[in-house]
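K.L.:
Structure supplied as query_9.txt; contents: compact mmCIF, C-alpha atoms.
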```
# COMPACT_ATOMS: atom_id res chain seq x y z
CA MET A 1 0.00 0.00 0.00
CA ARG A 2 1.22 3.50 -0.84
CA TRP A 3 0.36 6.30 1.57
CA ARG A 4 -1.01 9.59 0.32
CA PHE A 5 -0.73 12.29 2.99
CA LEU A 6 -3.73 14.63 3.14
CA TRP A 7 -2.63 16.54 6.23
CA LEU A 8 0.16 18.66 4.78
CA PHE A 9 -1.48 21.98 5.54
CA VAL A 10 -2.77 21.06 8.98
CA LEU A 11 0.01 22.79 10.89
CA PHE A 12 -1.06 26.15 9.61
CA PHE A 13 -4.70 25.75 10.67
CA VAL A 14 -4.45 24.58 14.26
CA GLN A 15 -6.31 25.78 17.31
CA PRO A 16 -4.26 27.64 19.92
CA CYS A 17 -5.65 26.40 23.22
CA THR A 18 -7.50 29.13 25.10
CA VAL A 19 -7.79 28.54 28.83
CA SER A 20 -9.97 30.42 31.22
CA GLY A 21 -9.36 31.00 34.88
CA GLN A 22 -5.74 32.08 35.18
CA ASN A 23 -6.17 32.38 38.94
CA ALA A 24 -6.20 28.75 39.98
CA PRO A 25 -9.26 27.50 41.88
CA ALA A 26 -8.96 25.13 44.82
CA SER A 27 -9.60 22.18 42.53
CA PRO A 28 -8.33 22.30 38.94
CA THR A 29 -10.74 21.56 36.13
CA VAL A 30 -10.45 20.67 32.46
CA GLN A 31 -11.53 22.92 29.62
CA SER A 32 -12.48 21.57 26.18
CA GLN A 33 -10.86 23.13 23.14
CA PRO A 34 -12.64 23.55 19.78
CA ALA A 35 -11.12 22.12 16.65
CA LYS A 36 -11.06 25.13 14.28
CA ALA A 37 -9.09 28.38 14.38
CA PRO A 38 -7.29 30.95 12.24
CA PRO A 39 -3.87 29.96 10.91
CA ILE A 40 -0.85 30.32 13.17
CA PRO A 41 2.12 32.46 12.01
CA SER A 42 4.27 31.22 9.16
CA PRO A 43 7.51 29.28 9.85
CA GLY A 44 10.31 31.18 11.48
CA GLY A 45 9.48 34.58 12.92
CA PRO A 46 11.01 37.91 13.86
CA ASP A 47 12.97 36.64 16.87
CA ARG A 48 16.68 37.40 16.54
CA GLN A 49 17.77 35.96 19.86
CA ILE A 50 17.83 32.33 20.91
CA LYS A 51 17.17 31.25 24.50
CA LEU A 52 18.51 27.82 25.46
CA ASP A 53 17.56 25.70 28.46
CA VAL A 54 20.50 23.42 29.22
CA GLN A 55 20.73 20.30 31.41
CA VAL A 56 24.15 19.29 32.74
CA THR A 57 24.57 15.95 34.55
CA ASP A 58 27.39 13.73 35.75
CA ARG A 59 28.00 10.08 34.84
CA SER A 60 25.28 9.02 37.30
CA ASP A 61 22.75 11.39 35.70
CA VAL A 62 22.84 13.68 38.75
CA PRO A 63 22.43 17.40 37.95
CA ILE A 64 25.59 19.46 38.27
CA ARG A 65 25.04 22.70 40.14
CA GLY A 66 27.14 25.77 40.64
CA LEU A 67 28.32 26.28 37.05
CA GLN A 68 29.08 29.80 35.84
CA GLN A 69 28.66 31.50 32.48
CA GLN A 70 32.33 31.07 31.62
CA ASP A 71 31.94 27.29 31.90
CA PHE A 72 29.67 27.20 28.82
CA THR A 73 30.44 27.41 25.11
CA ILE A 74 27.70 27.67 22.48
CA LEU A 75 28.53 26.55 18.95
CA ASP A 76 26.12 27.54 16.19
CA ASN A 77 27.06 25.58 13.05
CA LYS A 78 30.42 25.02 14.75
CA GLN A 79 30.97 28.76 15.24
CA ALA A 80 31.37 30.01 18.83
CA GLN A 81 28.75 32.55 19.92
CA ASN A 82 28.84 35.24 22.61
CA VAL A 83 26.61 34.37 25.57
CA LEU A 84 24.36 37.38 26.16
CA SER A 85 22.61 36.23 29.31
CA PHE A 86 23.00 33.46 31.88
CA HIS A 87 20.74 32.15 34.62
CA ALA A 88 21.14 29.14 36.90
CA ALA A 89 17.83 27.61 38.01
CA GLU A 90 19.07 25.31 40.75
CA THR A 91 17.06 26.01 43.87
CA ALA A 92 14.19 23.72 44.79
CA PRO A 93 11.38 24.02 45.31
CA ALA A 94 10.57 27.40 43.76
CA PRO A 95 7.87 29.55 45.39
CA ALA A 96 4.31 28.97 44.26
CA THR A 97 4.25 32.32 42.46
CA ASP A 98 7.35 31.52 40.38
CA PRO A 99 6.39 30.70 36.76
CA SER A 100 9.93 29.70 35.79
CA VAL A 101 9.15 26.02 35.14
CA GLU A 102 6.07 23.82 34.86
CA ILE A 103 5.41 20.10 34.32
CA VAL A 104 2.84 19.33 31.61
CA LEU A 105 1.52 15.76 31.45
CA VAL A 106 -0.05 14.92 28.08
CA ILE A 107 -2.19 11.78 27.90
CA ASP A 108 -2.34 10.65 24.26
CA GLY A 109 -5.69 9.08 23.43
CA ILE A 110 -5.01 9.32 19.70
CA ASN A 111 -2.21 6.74 19.49
CA THR A 112 -2.59 4.84 22.76
CA SER A 113 -5.38 2.38 23.39
CA TYR A 114 -7.81 2.98 26.23
CA GLN A 115 -6.70 -0.29 27.83
CA VAL A 116 -3.10 0.93 28.00
CA ILE A 117 -4.15 4.33 29.34
CA ALA A 118 -6.26 2.64 31.99
CA SER A 119 -3.41 0.37 33.08
CA ALA A 120 -1.03 3.33 33.22
CA ARG A 121 -3.36 5.32 35.47
CA ARG A 122 -1.92 3.84 38.66
CA ASP A 123 1.64 4.80 37.71
CA VAL A 124 0.69 8.36 36.75
CA LYS A 125 -1.20 8.78 40.00
CA THR A 126 1.75 7.41 41.97
CA PHE A 127 3.81 10.27 40.55
CA LEU A 128 1.09 12.81 41.38
CA LEU A 129 0.59 11.53 44.93
CA GLN A 130 4.25 11.43 45.92
CA ASN A 131 5.16 13.40 49.04
CA TYR A 132 1.51 13.26 50.16
CA GLY A 133 0.44 15.05 47.00
CA LYS A 134 2.71 18.05 47.51
CA LEU A 135 4.31 18.48 44.11
CA ALA A 136 7.72 20.16 43.79
CA GLN A 137 6.64 21.90 40.57
CA PRO A 138 3.23 23.01 39.28
CA VAL A 139 1.63 20.34 37.08
CA SER A 140 -0.92 20.60 34.27
CA LEU A 141 -2.87 17.74 32.70
CA ILE A 142 -3.71 17.67 29.00
CA PHE A 143 -5.79 15.01 27.25
CA VAL A 144 -5.64 14.70 23.45
CA SER A 145 -8.11 12.55 21.55
CA GLY A 146 -10.07 12.32 18.33
CA GLN A 147 -12.55 14.80 19.80
CA GLY A 148 -9.95 17.49 20.41
CA THR A 149 -7.72 18.67 23.23
CA LYS A 150 -8.73 19.19 26.85
CA VAL A 151 -6.48 21.34 29.03
CA GLN A 152 -6.40 21.78 32.78
CA ASN A 153 -7.51 25.35 33.45
CA SER A 154 -4.49 26.23 35.59
CA PRO A 155 -1.35 24.38 36.82
CA SER A 156 -1.43 23.13 40.39
CA ARG A 157 1.00 21.84 43.02
CA ASP A 158 -1.85 19.90 44.67
CA GLY A 159 -1.16 16.39 43.43
CA ASN A 160 -4.28 15.03 45.13
CA ALA A 161 -6.53 17.42 43.21
CA VAL A 162 -4.76 16.71 39.92
CA ALA A 163 -5.11 12.94 40.52
CA VAL A 164 -8.87 13.37 41.03
CA LEU A 165 -9.00 15.31 37.79
CA TYR A 166 -7.10 12.53 36.02
CA ASP A 167 -9.60 9.93 37.24
CA ARG A 168 -12.54 12.12 36.25
CA TYR A 169 -11.50 12.53 32.64
CA ALA A 170 -9.36 9.51 31.74
CA THR A 171 -12.38 7.23 31.41
CA ALA A 172 -13.90 9.61 28.86
CA LEU A 173 -11.07 8.78 26.46
CA GLN A 174 -12.63 5.37 25.85
CA SER A 175 -15.35 6.82 23.64
CA SER A 176 -12.91 8.83 21.51
CA ASN A 177 -9.99 6.41 21.25
CA LEU A 178 -8.70 6.00 17.70
CA VAL A 179 -6.25 3.11 17.86
CA SER A 180 -8.82 0.38 17.33
CA SER A 181 -11.28 2.47 15.31
CA PHE A 182 -11.70 3.15 11.61
CA PHE A 183 -9.17 6.00 11.74
CA ALA A 184 -6.18 5.19 9.55
CA ALA A 185 -2.59 5.82 10.50
CA GLU A 186 -2.54 8.99 8.37
CA ASP A 187 -5.47 10.40 10.34
CA ARG A 188 -3.80 9.71 13.67
CA PHE A 189 -0.57 11.27 12.42
CA ASN A 190 -2.53 14.31 11.25
CA LEU A 191 -4.29 14.73 14.60
CA SER A 192 -1.06 14.23 16.55
CA ILE A 193 0.80 16.97 14.68
CA LYS A 194 -2.22 19.22 15.04
CA ALA A 195 -2.30 18.61 18.81
CA VAL A 196 1.38 19.37 19.47
CA ALA A 197 1.26 22.47 17.26
CA SER A 198 -1.86 23.69 19.05
CA LEU A 199 -0.23 23.22 22.44
CA ALA A 200 2.93 25.00 21.32
CA ALA A 201 0.81 27.97 20.17
CA TYR A 202 -0.97 28.06 23.55
CA GLU A 203 2.17 27.65 25.66
CA SER A 204 3.90 30.47 23.76
CA THR A 205 1.48 32.87 25.48
CA ARG A 206 2.56 31.75 28.95
CA PRO A 207 5.83 32.57 30.76
CA GLY A 208 8.56 30.19 31.81
CA ARG A 209 9.86 26.83 30.72
CA LYS A 210 7.53 23.86 30.19
CA LEU A 211 8.58 20.22 30.52
CA MET A 212 5.96 18.52 28.36
CA ILE A 213 5.84 14.78 29.11
CA TRP A 214 3.91 13.08 26.29
CA ILE A 215 2.67 9.66 27.45
CA SER A 216 2.31 7.75 24.20
CA SER A 217 3.89 5.05 22.08
CA GLY A 218 4.36 7.76 19.47
CA TRP A 219 2.40 8.55 16.35
CA PRO A 220 2.84 6.55 13.14
CA LEU A 221 6.12 6.92 11.25
CA PHE A 222 6.29 6.36 7.50
CA SER A 223 9.20 5.48 5.24
CA GLY A 224 9.88 7.25 1.96
CA GLY A 225 9.37 4.12 -0.15
CA ASN A 226 5.73 3.92 0.91
CA LEU A 227 4.87 7.53 0.07
CA ASP A 228 3.29 9.01 -3.03
CA LEU A 229 4.36 12.66 -2.72
CA ASN A 230 5.31 15.31 -5.24
CA PRO A 231 7.88 18.13 -4.75
CA LYS A 232 5.20 20.51 -3.48
CA ASP A 233 4.20 17.95 -0.84
CA TRP A 234 7.80 17.59 0.33
CA GLN A 235 8.06 21.37 0.59
CA GLN A 236 4.94 21.48 2.73
CA LEU A 237 6.29 18.71 4.95
CA PHE A 238 9.51 20.66 5.39
CA ASN A 239 7.56 23.83 6.19
CA SER A 240 5.69 21.87 8.86
CA VAL A 241 8.97 20.81 10.48
CA VAL A 242 10.19 24.41 10.47
CA ALA A 243 6.97 25.76 11.96
CA LEU A 244 6.73 23.09 14.65
CA SER A 245 10.42 23.32 15.61
CA SER A 246 10.15 27.10 15.85
CA GLY A 247 6.89 26.91 17.81
CA LEU A 248 8.28 24.54 20.43
CA ARG A 249 11.43 26.64 20.81
CA GLN A 250 9.60 29.95 21.12
CA ALA A 251 7.25 28.45 23.72
CA ARG A 252 10.27 27.12 25.70
CA ILE A 253 8.87 23.59 25.56
CA THR A 254 11.17 20.67 26.27
CA LEU A 255 9.35 17.60 24.99
CA TYR A 256 9.62 14.09 26.43
CA SER A 257 8.35 10.84 24.90
CA VAL A 258 7.31 8.19 27.43
CA ASP A 259 5.94 4.90 26.10
CA PRO A 260 3.45 3.41 28.61
CA LEU A 261 3.91 -0.02 27.01
CA GLY A 262 7.53 -0.07 28.15
CA ALA A 263 9.32 -3.35 27.57
CA LEU A 264 6.19 -4.81 25.93
CA ASN A 265 6.93 -2.57 22.95
CA ALA A 266 10.71 -3.05 23.07
CA GLY A 267 10.76 -5.34 20.05
CA GLY A 268 8.91 -2.94 17.77
CA THR A 269 10.65 -1.10 14.96
CA GLN A 270 9.43 2.27 16.27
CA VAL A 271 11.71 1.91 19.29
CA THR A 272 14.81 2.54 17.17
CA PHE A 273 13.49 3.70 13.77
CA TYR A 274 13.28 7.35 14.86
CA GLN A 275 17.03 7.52 15.55
CA GLN A 276 17.89 8.00 11.87
CA PHE A 277 16.08 11.37 11.88
CA LEU A 278 17.82 13.00 14.84
CA LYS A 279 20.34 15.19 13.01
CA GLY A 280 17.76 17.66 11.73
CA VAL A 281 16.47 18.06 8.20
CA THR A 282 18.09 20.85 6.19
CA SER A 283 15.98 21.05 3.01
CA PRO A 284 12.78 19.72 1.39
CA SER A 285 14.83 17.35 -0.78
CA ARG A 286 16.03 15.57 2.37
CA MET A 287 12.63 15.51 4.04
CA GLN A 288 10.94 12.39 5.43
CA PRO A 289 7.84 12.21 7.67
CA GLY A 290 10.03 10.64 10.36
CA TYR A 291 11.41 14.10 11.13
CA LEU A 292 7.99 14.88 12.61
CA GLY A 293 7.97 11.85 14.92
CA LEU A 294 7.30 12.36 18.63
CA GLN A 295 10.61 10.82 19.69
CA VAL A 296 12.52 12.95 17.15
CA LEU A 297 10.83 16.14 18.34
CA ALA A 298 11.65 15.18 21.93
CA VAL A 299 15.37 14.69 21.30
CA GLN A 300 15.55 17.80 19.10
CA SER A 301 14.01 19.87 21.91
CA GLY A 302 16.57 18.66 24.46
CA GLY A 303 14.23 16.15 26.10
CA ARG A 304 14.37 12.40 26.62
CA VAL A 305 12.86 9.25 25.15
CA TYR A 306 11.72 6.44 27.47
CA ASN A 307 10.52 3.54 25.33
CA SER A 308 11.69 0.35 27.02
CA THR A 309 11.16 0.75 30.75
CA ASN A 310 8.50 -1.02 32.79
CA ASP A 311 8.60 1.65 35.52
CA LEU A 312 6.36 4.39 34.15
CA THR A 313 6.40 6.32 37.42
CA ALA A 314 10.20 6.45 37.42
CA ALA A 315 10.23 7.52 33.77
CA ILE A 316 7.88 10.43 34.47
CA ALA A 317 9.89 11.38 37.53
CA GLY A 318 13.10 11.22 35.48
CA CYS A 319 11.66 13.73 33.02
CA ALA A 320 10.35 16.00 35.76
CA ALA A 321 13.76 15.94 37.47
CA ASP A 322 15.03 18.25 34.73
CA ALA A 323 13.18 21.02 36.56
CA ASP A 324 15.39 20.66 39.65
CA ALA A 325 18.51 22.25 38.16
CA PHE A 326 19.15 23.72 34.73
CA TYR A 327 20.79 26.69 33.07
CA THR A 328 19.33 29.23 30.67
CA LEU A 329 21.58 31.00 28.18
CA SER A 330 20.89 33.29 25.25
CA PHE A 331 22.75 34.52 22.18
CA ASP A 332 22.10 36.56 19.05
CA VAL A 333 21.09 34.68 15.90
CA PRO A 334 23.71 34.91 13.13
CA PRO A 335 22.42 36.23 9.77
CA ALA A 336 20.79 33.58 7.58
CA ARG A 337 21.61 33.31 3.87
CA HIS A 338 18.14 32.07 3.00
CA ALA A 339 14.77 31.37 4.58
CA ASN A 340 14.47 28.36 6.90
CA GLU A 341 18.23 27.84 7.09
CA TYR A 342 18.93 25.04 9.55
CA HIS A 343 21.50 25.72 12.26
CA ALA A 344 22.81 22.93 14.49
CA PHE A 345 23.60 23.64 18.14
CA THR A 346 26.35 22.27 20.29
CA VAL A 347 26.61 23.35 23.92
CA THR A 348 29.73 22.27 25.79
CA VAL A 349 30.78 22.65 29.43
CA ASP A 350 34.37 22.99 30.53
CA LYS A 351 34.17 20.16 33.04
CA PRO A 352 35.28 16.53 32.64
CA GLY A 353 32.80 13.64 32.57
CA VAL A 354 29.62 15.66 32.09
CA THR A 355 26.65 15.18 29.79
CA VAL A 356 25.03 18.27 28.28
CA ARG A 357 21.50 18.18 26.92
CA SER A 358 19.84 21.07 25.10
CA ARG A 359 17.93 21.95 21.96
CA ALA A 360 19.67 20.47 18.90
CA GLY A 361 19.04 23.20 16.34
CA TYR A 362 16.79 25.90 14.91
CA TYR A 363 15.70 27.41 11.60
CA ALA A 364 17.06 30.92 11.00
CA GLN A 365 15.47 33.56 8.79
CA PRO A 366 17.13 36.34 6.71
```
With the file now loaded, output its structure as structure tokens.
P.N.:
Amino acid sequence: MRWRFLWLFVLFFVQPCTVSGQNAPASPTVQSQPAKAPPIPSPGGPDRQIKLDVQVTDRSDVPIRGLQQQDFTILDNKQAQNVLSFHAAETAPAPATDPSVEIVLVIDGINTSYQVIASARRDVKTFLLQNYGKLAQPVSLIFVSGQGTKVQNSPSRDGNAVAVLYDRYATALQSSNLVSSFFAAEDRFNLSIKAVASLAAYESTRPGRKLMIWISSGWPLFSGGNLDLNPKDWQQLFNSVVALSSGLRQARITLYSVDPLGALNAGGTQVTFYQQFLKGVTSPSRMQPGYLGLQVLAVQSGGRVYNSTNDLTAAIAGCAADADAFYTLSFDVPPARHANEYHAFTVTVDKPGVTVRSRAGYYAQP
């Protein structure tokens, strides 16, 4: 079978999530989001300064604290850049009024069966109820399904209240689950891209960094040999990558892919297939749909991929731990020679035996 993608323009007609009630009530609630909206801005944008959130850990994956600006080097296409600003976020927990970082839990009812979501409920609630429900960072719940996106009206540090909210809505995903329905893989891919773009548009209106933990086996990936696309289609695919990459960066979203199936899915091709798309696509002629995969977007954003662990609670906690200590740096964007020019990042730290994780690249504009 040859796939014909019909979703190529979807990224430019997504719904930015609008959430009411910015002053959090005692118990958080979920707001439904409609499916239609005006187009979001075109790829790229007027921003001429890049802000990077950087994780630095030792060989045991323990965050390294106390680093200074002079310890960091930013390479943009292998060219050293001047660091314009530096901030170390390494005190925990932050006060309740501090919007510097937030945990966003996304429950994917598009690509994950209701049975898997139901079995994962205990592990998600274990994370929410740790420390008697007193969460170190504010947490928001988001549910995506074939009926649209539902967003918690305001982040909360009350894990007990968020757990009640999870129970209240998770069962509703059964009626809108797409995995075992007539929806084809192309439709689920379409809806998945639409959902992440919509959330990026919404989060760009809110301050601070967001650690978005997407609980899903990932949306369908397609190989070039099975596609029936013309040059215009490849250009539109490339434009979608540019727009989504730029949207996640401008919203300060670090994306994480957590597979609730864990080791049960370890033998599937999707576990490793995404790795061939991690370097970043530089032009439409090199484009493949795999560059829009959940796992690829996660790594490109500086996040993590958990796809073979049976401890879902530990995986979520491992993602959320990135909020405990990180560094934020900024630099001016070098001039681009043409529109949507891909720039690869490398951030290094002048310390032995450390691992540095940050956004992998961006698309510059003239």
K.L.:
Identify which of the residues A:Asn160, A:Ile213, A:Gln250, A:Val242 lies closest to Ala200 (chain A), counting all atoms listed in the file when measuring atom-to-atom distances.
P.N.:
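Among A:Asn160, A:Ile213, A:Gln250, A:Val242, it is A:Gln250 that comes nearest to Ala200 (chain A).
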K.L.:
Between A:Lys134, A:Arg357, A:Arg48, A:Lys78, which residue has the minimum interatomic distance to Ala298 (chain A), considering only C-alpha atoms?
P.N.:
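Among A:Lys134, A:Arg357, A:Arg48, A:Lys78, it is A:Arg357 that comes nearest to Ala298 (chain A).
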K.L.:
Return the single residue from A:Gln295, A:Ser330, A:Asn239, A:Gln300 that is closest to Gly280 (chain A), with distances computed using all atoms listed in the file.
P.N.:
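With all atoms listed in the file as the atom set, the closest residue is A:Gln300.
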K.L.:
One number please: CA of Val299 (chain A) to CA of Ala136 (chain A), in Å, one decimal.
P.N.:
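CA of Val299 (chain A) sits 24.4 Å away from CA of Ala136 (chain A).
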K.L.:
From the list A:Ala344, A:Val62, A:Leu52, A:Val83, which residue is nearest Phe331 (chain A) when using only C-alpha atoms?
P.N.:
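For Phe331 (chain A), the nearest of the candidates is A:Val83.
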K.L.:
For Ala161 (chain A), which residue out of A:Leu255, A:Leu128, A:Ser113, A:Gly146 is the nearest one, using all atoms listed in the file?
P.N.:
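Smallest separation from Ala161 (chain A) among the options: A:Leu128.
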K.L.:
How many Å separate CA of Val356 (chain A) from CA of Ala251 (chain A)?
P.N.:
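These two atoms are separated by 21.0 Å.
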K.L.:
Hey, what's within 7 Å of Tyr306 (chain A) if we count all atoms listed in the file and toss same-chain stuff fewer than 2 positions away? As a PyMOL selection string, please?
P.N.:
chain A and resi 257-259+304+308-309+315
K.L.:
Produce a table with one row for each residue of region 147-255 of chain A that has an atom at most 9 Å from any atom of region 316-325 of chain A, each row naming the nearest atom pair and its distance in Å at one decimal; use only C-alpha atoms; arrange rows by chain and rising residue number; format as JSON lines.
P.N.:
```
{"residue": "A:Arg209", "atom": "CA", "partner": "A:Ala323", "partner_atom": "CA", "distance": 8.9}
{"residue": "A:Lys210", "atom": "CA", "partner": "A:Ala323", "partner_atom": "CA", "distance": 9.0}
{"residue": "A:Leu211", "atom": "CA", "partner": "A:Ala320", "partner_atom": "CA", "distance": 7.0}
{"residue": "A:Met212", "atom": "CA", "partner": "A:Cys319", "partner_atom": "CA", "distance": 8.8}
{"residue": "A:Ile213", "atom": "CA", "partner": "A:Cys319", "partner_atom": "CA", "distance": 7.1}
{"residue": "A:Ile215", "atom": "CA", "partner": "A:Ile316", "partner_atom": "CA", "distance": 8.8}
```
K.L.:
Please determine, counting all atoms listed in the file, which residue among A:Phe326, A:Val196, A:Gly262, A:Thr73 has the shortest atom-to-atom distance to Asp311 (chain A).
P.N.:
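Nearest candidate to Asp311 (chain A) out of A:Phe326, A:Val196, A:Gly262, A:Thr73: A:Gly262.
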K.L.:
Between CA of Leu297 (chain A) and CA of Ser60 (chain A), what is the spacing in Å?
P.N.:
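Pair CA of Ser60 (chain A) / CA of Leu297 (chain A) returns 24.9 Å.
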K.L.:
Distance cut-off 8 Å, centre (30.6, 25.9, 23.3) in file coordinates, counting all atoms listed in the file: which residues qualify? Return them as a PyMOL selection string.
P.N.:
chain A and resi 72-75+80-81+346-349
K.L.:
Which residues come within 7 Å of Ser156 (chain A), counting only C-alpha atoms, excluding same-chain residues fewer than 3 positions away, as a list in words?
P.N.:
Pro138, Val139 and Ser140 of chain A
K.L.:
Save out the residues we just selected, C-alpha atoms, as an mmCIF file, in the frame of the given file.
P.N.:
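Below is the file again-v1.cif, written as the result:
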```cif
data_model
loop_
_atom_site.group_PDB
_atom_site.id
_atom_site.type_symbol
_atom_site.label_atom_id
_atom_site.label_comp_id
_atom_site.auth_asym_id
_atom_site.auth_seq_id
_atom_site.Cartn_x
_atom_site.Cartn_y
_atom_site.Cartn_z
ATOM 1 C CA PRO A 138 3.230 23.010 39.280
ATOM 2 C CA VAL A 139 1.630 20.340 37.080
ATOM 3 C CA SER A 140 -0.920 20.600 34.270
#
```
K.L.:
Tell me which protein, DNA and RNA residues are within 7 Å of Gly293 (chain A), counting all atoms listed in the file, leaving out same-chain ones fewer than 4 positions away, and put them as JSON, numbers by chain.
P.N.:
{"A": [219, 221, 274, 297]}
K.L.:
Excluding Gln137 (chain A) and any residue of its chain fewer than 6 positions from it, enumerate the residues within 7 Å of it, using all atoms listed in the file, and give them as a PyMOL selection string.
P.N.:
chain A and resi 102-103+157
K.L.:
Which centre and edge lengths in Å to one decimal define the box along x, y and z that fits every listed atom of region 282-287 of chain A plus 8 Å per side, as AutoDock Vina command-line options?
P.N.:
```
--center_x 15.4 --center_y 18.3 --center_z 2.7 --size_x 21.5 --size_y 21.5 --size_z 23.0
```
K.L.:
Name the residues within 9 Å of (12.3, 20.2, 20.7), counting all atoms listed in the file in the file's coordinates, and put them as a PDB file with C-alpha atoms, keeping the file's coordinate frame.
P.N.:
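Wrote out.pdb, looks like this:
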```pdb
ATOM      1  CA  LEU A 244       6.730  23.090  14.650  1.00  0.00           C
ATOM      2  CA  SER A 245      10.420  23.320  15.610  1.00  0.00           C
ATOM      3  CA  SER A 246      10.150  27.100  15.850  1.00  0.00           C
ATOM      4  CA  LEU A 248       8.280  24.540  20.430  1.00  0.00           C
ATOM      5  CA  ARG A 249      11.430  26.640  20.810  1.00  0.00           C
ATOM      6  CA  ARG A 252      10.270  27.120  25.700  1.00  0.00           C
ATOM      7  CA  ILE A 253       8.870  23.590  25.560  1.00  0.00           C
ATOM      8  CA  THR A 254      11.170  20.670  26.270  1.00  0.00           C
ATOM      9  CA  LEU A 255       9.350  17.600  24.990  1.00  0.00           C
ATOM     10  CA  TYR A 256       9.620  14.090  26.430  1.00  0.00           C
ATOM     11  CA  VAL A 296      12.520  12.950  17.150  1.00  0.00           C
ATOM     12  CA  LEU A 297      10.830  16.140  18.340  1.00  0.00           C
ATOM     13  CA  ALA A 298      11.650  15.180  21.930  1.00  0.00           C
ATOM     14  CA  VAL A 299      15.370  14.690  21.300  1.00  0.00           C
ATOM     15  CA  GLN A 300      15.550  17.800  19.100  1.00  0.00           C
ATOM     16  CA  SER A 301      14.010  19.870  21.910  1.00  0.00           C
ATOM     17  CA  GLY A 302      16.570  18.660  24.460  1.00  0.00           C
ATOM     18  CA  GLY A 303      14.230  16.150  26.100  1.00  0.00           C
ATOM     19  CA  SER A 358      19.840  21.070  25.100  1.00  0.00           C
ATOM     20  CA  ARG A 359      17.930  21.950  21.960  1.00  0.00           C
ATOM     21  CA  ALA A 360      19.670  20.470  18.900  1.00  0.00           C
ATOM     22  CA  GLY A 361      19.040  23.200  16.340  1.00  0.00           C
TER      23      GLY A 361
END
```
K.L.:
Residues within 8 Å of Arg59 (chain A), please, as a PyMOL selection string. Count only C-alpha atoms; anything in the same chain fewer than 5 positions from it doesn't count.
P.N.:
chain A and resi 353-355
K.L.:
Regenerate region 294-307 of chain A at the level of N, CA and C atoms and dump it as a PDB file, in the frame of the given file.
P.N.:
```pdb
ATOM      1  N   LEU A 294       7.280  11.895  17.242  1.00  0.00           N
ATOM      2  CA  LEU A 294       7.300  12.360  18.630  1.00  0.00           C
ATOM      3  C   LEU A 294       8.682  12.214  19.252  1.00  0.00           C
ATOM      4  N   GLN A 295       9.303  11.039  19.083  1.00  0.00           N
ATOM      5  CA  GLN A 295      10.610  10.820  19.690  1.00  0.00           C
ATOM      6  C   GLN A 295      11.660  11.767  19.108  1.00  0.00           C
ATOM      7  N   VAL A 296      11.568  12.044  17.800  1.00  0.00           N
ATOM      8  CA  VAL A 296      12.520  12.950  17.150  1.00  0.00           C
ATOM      9  C   VAL A 296      12.343  14.365  17.700  1.00  0.00           C
ATOM     10  N   LEU A 297      11.097  14.816  17.801  1.00  0.00           N
ATOM     11  CA  LEU A 297      10.830  16.140  18.340  1.00  0.00           C
ATOM     12  C   LEU A 297      11.324  16.258  19.781  1.00  0.00           C
ATOM     13  N   ALA A 298      11.195  15.163  20.542  1.00  0.00           N
ATOM     14  CA  ALA A 298      11.650  15.180  21.930  1.00  0.00           C
ATOM     15  C   ALA A 298      13.165  15.380  22.008  1.00  0.00           C
ATOM     16  N   VAL A 299      13.909  14.574  21.272  1.00  0.00           N
ATOM     17  CA  VAL A 299      15.370  14.690  21.300  1.00  0.00           C
ATOM     18  C   VAL A 299      15.810  16.048  20.768  1.00  0.00           C
ATOM     19  N   GLN A 300      15.191  16.506  19.685  1.00  0.00           N
ATOM     20  CA  GLN A 300      15.550  17.800  19.100  1.00  0.00           C
ATOM     21  C   GLN A 300      15.300  18.952  20.073  1.00  0.00           C
ATOM     22  N   SER A 301      14.325  18.806  20.961  1.00  0.00           N
ATOM     23  CA  SER A 301      14.010  19.870  21.910  1.00  0.00           C
ATOM     24  C   SER A 301      14.880  19.835  23.154  1.00  0.00           C
ATOM     25  N   GLY A 302      15.739  18.820  23.274  1.00  0.00           N
ATOM     26  CA  GLY A 302      16.570  18.660  24.460  1.00  0.00           C
ATOM     27  C   GLY A 302      15.974  17.745  25.510  1.00  0.00           C
ATOM     28  N   GLY A 303      14.876  17.052  25.155  1.00  0.00           N
ATOM     29  CA  GLY A 303      14.230  16.150  26.100  1.00  0.00           C
ATOM     30  C   GLY A 303      14.757  14.733  26.027  1.00  0.00           C
ATOM     31  N   ARG A 304      13.969  13.809  26.530  1.00  0.00           N
ATOM     32  CA  ARG A 304      14.370  12.400  26.620  1.00  0.00           C
ATOM     33  C   ARG A 304      13.322  11.511  25.960  1.00  0.00           C
ATOM     34  N   VAL A 305      13.745  10.283  25.665  1.00  0.00           N
ATOM     35  CA  VAL A 305      12.860   9.250  25.150  1.00  0.00           C
ATOM     36  C   VAL A 305      12.954   8.039  26.072  1.00  0.00           C
ATOM     37  N   TYR A 306      11.814   7.654  26.644  1.00  0.00           N
ATOM     38  CA  TYR A 306      11.720   6.440  27.470  1.00  0.00           C
ATOM     39  C   TYR A 306      10.798   5.477  26.726  1.00  0.00           C
ATOM     40  N   ASN A 307      11.362   4.446  26.110  1.00  0.00           N
ATOM     41  CA  ASN A 307      10.520   3.540  25.330  1.00  0.00           C
ATOM     42  C   ASN A 307      10.765   2.067  25.638  1.00  0.00           C
TER      43      ASN A 307
END
```
